[in-house]
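Visitor: Structure file structure_33.pdb (PDB, C-alpha atoms) is given on the next line.
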```
ATOM      1  CA  MET V   1      -2.518   4.113 -12.762  1.00  0.00           C
ATOM      2  CA  ASN V   2       0.462   6.304 -11.925  1.00  0.00           C
ATOM      3  CA  ALA V   3       3.637   4.277 -12.598  1.00  0.00           C
ATOM      4  CA  ASN V   4       5.703   6.249 -10.071  1.00  0.00           C
ATOM      5  CA  ILE V   5       3.210   5.652  -7.261  1.00  0.00           C
ATOM      6  CA  GLN V   6       2.902   1.988  -8.238  1.00  0.00           C
ATOM      7  CA  GLN V   7       6.677   1.552  -8.123  1.00  0.00           C
ATOM      8  CA  ARG V   8       6.965   3.286  -4.749  1.00  0.00           C
ATOM      9  CA  VAL V   9       4.124   1.228  -3.226  1.00  0.00           C
ATOM     10  CA  LEU V  10       5.657  -2.006  -4.510  1.00  0.00           C
ATOM     11  CA  LYS V  11       9.032  -0.958  -3.096  1.00  0.00           C
ATOM     12  CA  VAL V  12       7.529  -0.328   0.346  1.00  0.00           C
ATOM     13  CA  ILE V  13       5.616  -3.621   0.285  1.00  0.00           C
ATOM     14  CA  SER V  14       8.718  -5.540  -0.770  1.00  0.00           C
ATOM     15  CA  GLU V  15      10.758  -3.943   2.018  1.00  0.00           C
ATOM     16  CA  VAL V  16       8.144  -4.585   4.706  1.00  0.00           C
ATOM     17  CA  LEU V  17       7.578  -8.186   3.584  1.00  0.00           C
ATOM     18  CA  ASP V  18      11.224  -8.829   2.659  1.00  0.00           C
ATOM     19  CA  ARG V  19      10.256  -9.973  -0.842  1.00  0.00           C
ATOM     20  CA  LYS V  20      11.400  -9.010  -4.321  1.00  0.00           C
ATOM     21  CA  GLU V  21       9.234  -6.403  -6.046  1.00  0.00           C
ATOM     22  CA  ASN V  22       8.759  -8.601  -9.108  1.00  0.00           C
ATOM     23  CA  GLU V  23       7.183 -11.283  -6.880  1.00  0.00           C
ATOM     24  CA  ILE V  24       4.319  -8.970  -5.892  1.00  0.00           C
ATOM     25  CA  ARG V  25       1.373  -8.908  -8.296  1.00  0.00           C
ATOM     26  CA  LEU V  26      -1.253  -6.185  -8.274  1.00  0.00           C
ATOM     27  CA  ASP V  27      -4.160  -8.597  -7.916  1.00  0.00           C
ATOM     28  CA  VAL V  28      -2.902 -10.435  -4.817  1.00  0.00           C
ATOM     29  CA  SER V  29      -4.790 -10.215  -1.563  1.00  0.00           C
ATOM     30  CA  LEU V  30      -2.894  -8.598   1.298  1.00  0.00           C
ATOM     31  CA  ARG V  31      -4.424 -10.881   3.889  1.00  0.00           C
ATOM     32  CA  ASN V  32      -4.813 -14.190   2.044  1.00  0.00           C
ATOM     33  CA  GLU V  33      -2.053 -14.409  -0.539  1.00  0.00           C
ATOM     34  CA  LEU V  34       0.568 -12.170   1.090  1.00  0.00           C
ATOM     35  CA  GLN V  35      -0.512 -13.555   4.478  1.00  0.00           C
ATOM     36  CA  LEU V  36      -0.474 -10.232   6.306  1.00  0.00           C
ATOM     37  CA  ASP V  37      -1.928 -10.440   9.769  1.00  0.00           C
ATOM     38  CA  SER V  38      -3.315  -7.297  11.388  1.00  0.00           C
ATOM     39  CA  LEU V  39       0.070  -6.325  12.882  1.00  0.00           C
ATOM     40  CA  MET V  40       1.860  -6.669   9.538  1.00  0.00           C
ATOM     41  CA  GLN V  41      -0.906  -4.709   7.811  1.00  0.00           C
ATOM     42  CA  MET V  42      -0.484  -1.924  10.359  1.00  0.00           C
ATOM     43  CA  THR V  43       3.296  -1.984   9.812  1.00  0.00           C
ATOM     44  CA  LEU V  44       2.755  -1.777   6.053  1.00  0.00           C
ATOM     45  CA  PHE V  45       0.292   1.096   6.286  1.00  0.00           C
ATOM     46  CA  ILE V  46       2.603   3.041   8.617  1.00  0.00           C
ATOM     47  CA  ALA V  47       5.460   2.555   6.136  1.00  0.00           C
ATOM     48  CA  LEU V  48       3.193   3.772   3.306  1.00  0.00           C
ATOM     49  CA  GLU V  49       2.146   6.796   5.381  1.00  0.00           C
ATOM     50  CA  ASP V  50       5.814   7.632   5.902  1.00  0.00           C
ATOM     51  CA  GLU V  51       6.618   7.198   2.212  1.00  0.00           C
ATOM     52  CA  PHE V  52       3.744   9.308   0.899  1.00  0.00           C
ATOM     53  CA  GLN V  53       3.164  11.702   3.817  1.00  0.00           C
ATOM     54  CA  HIS V  54      -0.566  10.906   3.872  1.00  0.00           C
ATOM     55  CA  SER V  55      -2.516   9.175   6.602  1.00  0.00           C
ATOM     56  CA  ILE V  56      -4.400   5.946   6.052  1.00  0.00           C
ATOM     57  CA  PRO V  57      -7.284   5.944   8.547  1.00  0.00           C
ATOM     58  CA  PRO V  58      -8.143   2.474   9.927  1.00  0.00           C
ATOM     59  CA  GLU V  59     -11.695   2.640   8.586  1.00  0.00           C
ATOM     60  CA  GLU V  60     -10.344   3.256   5.074  1.00  0.00           C
ATOM     61  CA  ALA V  61      -7.542   0.695   5.429  1.00  0.00           C
ATOM     62  CA  GLU V  62     -10.142  -2.033   6.043  1.00  0.00           C
ATOM     63  CA  GLY V  63     -11.361  -1.635   2.464  1.00  0.00           C
ATOM     64  CA  LEU V  64      -7.905  -2.131   0.964  1.00  0.00           C
ATOM     65  CA  VAL V  65      -7.919  -5.784  -0.020  1.00  0.00           C
ATOM     66  CA  THR V  66      -5.413  -6.086  -2.874  1.00  0.00           C
ATOM     67  CA  VAL V  67      -2.123  -4.426  -3.765  1.00  0.00           C
ATOM     68  CA  LYS V  68      -3.973  -2.611  -6.564  1.00  0.00           C
ATOM     69  CA  ASP V  69      -6.468  -1.239  -4.011  1.00  0.00           C
ATOM     70  CA  VAL V  70      -3.563   0.189  -2.013  1.00  0.00           C
ATOM     71  CA  ILE V  71      -1.999   1.807  -5.093  1.00  0.00           C
ATOM     72  CA  GLU V  72      -5.303   3.351  -6.184  1.00  0.00           C
ATOM     73  CA  PHE V  73      -5.977   4.614  -2.642  1.00  0.00           C
ATOM     74  CA  ILE V  74      -2.528   6.251  -2.427  1.00  0.00           C
ATOM     75  CA  GLN V  75      -3.018   7.766  -5.863  1.00  0.00           C
ATOM     76  CA  ARG V  76      -6.330   9.317  -4.787  1.00  0.00           C
ATOM     77  CA  LYS V  77      -4.791  10.589  -1.539  1.00  0.00           C
ATOM     78  CA  THR V  78      -1.854  12.235  -3.294  1.00  0.00           C
ATOM     79  CA  GLN V  79      -4.217  14.033  -5.665  1.00  0.00           C
ATOM     80  CA  GLU V  80      -6.296  15.538  -2.861  1.00  0.00           C
ATOM     81  CA  PRO V  81      -5.534  19.160  -2.003  1.00  0.00           C
ATOM     82  CA  SER V  82      -3.491  19.526   1.140  1.00  0.00           C
ATOM     83  CA  LEU V  83      -5.184  21.011   4.210  1.00  0.00           C
ATOM     84  CA  VAL V  84      -1.887  22.370   5.548  1.00  0.00           C
TER      85      VAL V  84
END
```
For the structure just supplied, provide its representation as structure tokens.

Guide:
Amino acid sequence: MNANIQQRVLKVISEVLDRKENEIRLDVSLRNELQLDSLMQMTLFIALEDEFQHSIPPEEAEGLVTVKDVIEFIQRKTQEPSLV
């Protein structure tokens, strides 16, 4: 796992949720343990899109259950060739 991407994702999550980065574990569930409702999840994904300049389509976002899932998804997205 890319440490830079992990750090940036954790930073965004901590800012959106107003929590300290060291309080956010990789294995926690976004919905259950971090208690993100659909509006907060959308806010988080928009913040991640802004940070990484990659879109997170709703159908793909549904499969992102844990913080680790989000990090791995962003890592895959940033490795894809740009269509621009």

Visitor: For Glu23 of chain V, find every residue with an atom within 12 Å (counting only C-alpha atoms), except residues of its own chain fewer than 2 positions away, and show them as a PyMOL selection string.

Guide: chain V and resi 10-11+13-14+17-21+25-28+33-34+67

Visitor: Using C-alpha atoms, can you write the selected residues to a file as a PDB file, keeping the file's coordinate frame?

Guide:
```
ATOM      1  CA  LEU V  10       5.657  -2.006  -4.510  1.00  0.00           C
ATOM      2  CA  LYS V  11       9.032  -0.958  -3.096  1.00  0.00           C
ATOM      3  CA  ILE V  13       5.616  -3.621   0.285  1.00  0.00           C
ATOM      4  CA  SER V  14       8.718  -5.540  -0.770  1.00  0.00           C
ATOM      5  CA  LEU V  17       7.578  -8.186   3.584  1.00  0.00           C
ATOM      6  CA  ASP V  18      11.224  -8.829   2.659  1.00  0.00           C
ATOM      7  CA  ARG V  19      10.256  -9.973  -0.842  1.00  0.00           C
ATOM      8  CA  LYS V  20      11.400  -9.010  -4.321  1.00  0.00           C
ATOM      9  CA  GLU V  21       9.234  -6.403  -6.046  1.00  0.00           C
ATOM     10  CA  ARG V  25       1.373  -8.908  -8.296  1.00  0.00           C
ATOM     11  CA  LEU V  26      -1.253  -6.185  -8.274  1.00  0.00           C
ATOM     12  CA  ASP V  27      -4.160  -8.597  -7.916  1.00  0.00           C
ATOM     13  CA  VAL V  28      -2.902 -10.435  -4.817  1.00  0.00           C
ATOM     14  CA  GLU V  33      -2.053 -14.409  -0.539  1.00  0.00           C
ATOM     15  CA  LEU V  34       0.568 -12.170   1.090  1.00  0.00           C
ATOM     16  CA  VAL V  67      -2.123  -4.426  -3.765  1.00  0.00           C
TER      17      VAL V  67
END
```

Visitor: Apply the PyMOL selection byres ((chain V and resi 71) around 12) to the file shown and report the selected residues as a VMD selection string.

Guide: chain V and resid 1 to 13 25 to 27 45 48 52 61 64 to 70 72 to 78

Visitor: I'd like to know which of V:His54, V:Val16, V:Ser29, V:Gln79 is closest to Met42 of chain V, using only C-alpha atoms.

Guide: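 Of V:His54, V:Val16, V:Ser29, V:Gln79, the one nearest Met42 of chain V is V:Val16, counting only C-alpha atoms.
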
Visitor: In Å, with one decimal, what is the gap from atom CA of Glu60 of chain V to atom CA of Arg31 of chain V?

Guide: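 Straight-line distance from atom CA of Glu60 of chain V to atom CA of Arg31 of chain V works out to 15.4 Å.
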
Visitor: Suppose you want the space between atom CA of Gly63 of chain V and atom CA of Asn22 of chain V; what is it in Å?

Guide: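 Here the two named atoms are 24.2 Å from each other.
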
Visitor: Specify the axis-aligned box that encloses all atoms of segment 60-68 of chain V listed in the file after padding of 8 Å on each side, stating its centre and edge lengths in Å to one decimal as lines of an AutoDock Vina configuration file.

Guide:
```
center_x = -6.7
center_y = -1.4
center_z = -0.3
size_x = 25.2
size_y = 25.3
size_z = 28.6
```

Visitor: Rounded to one decimal, what separation in Å do you get between atom CA of Asp50 of chain V and atom CA of Glu15 of chain V?

Guide: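 Atom-to-atom, atom CA of Asp50 of chain V and atom CA of Glu15 of chain V are spaced 13.2 Å apart.
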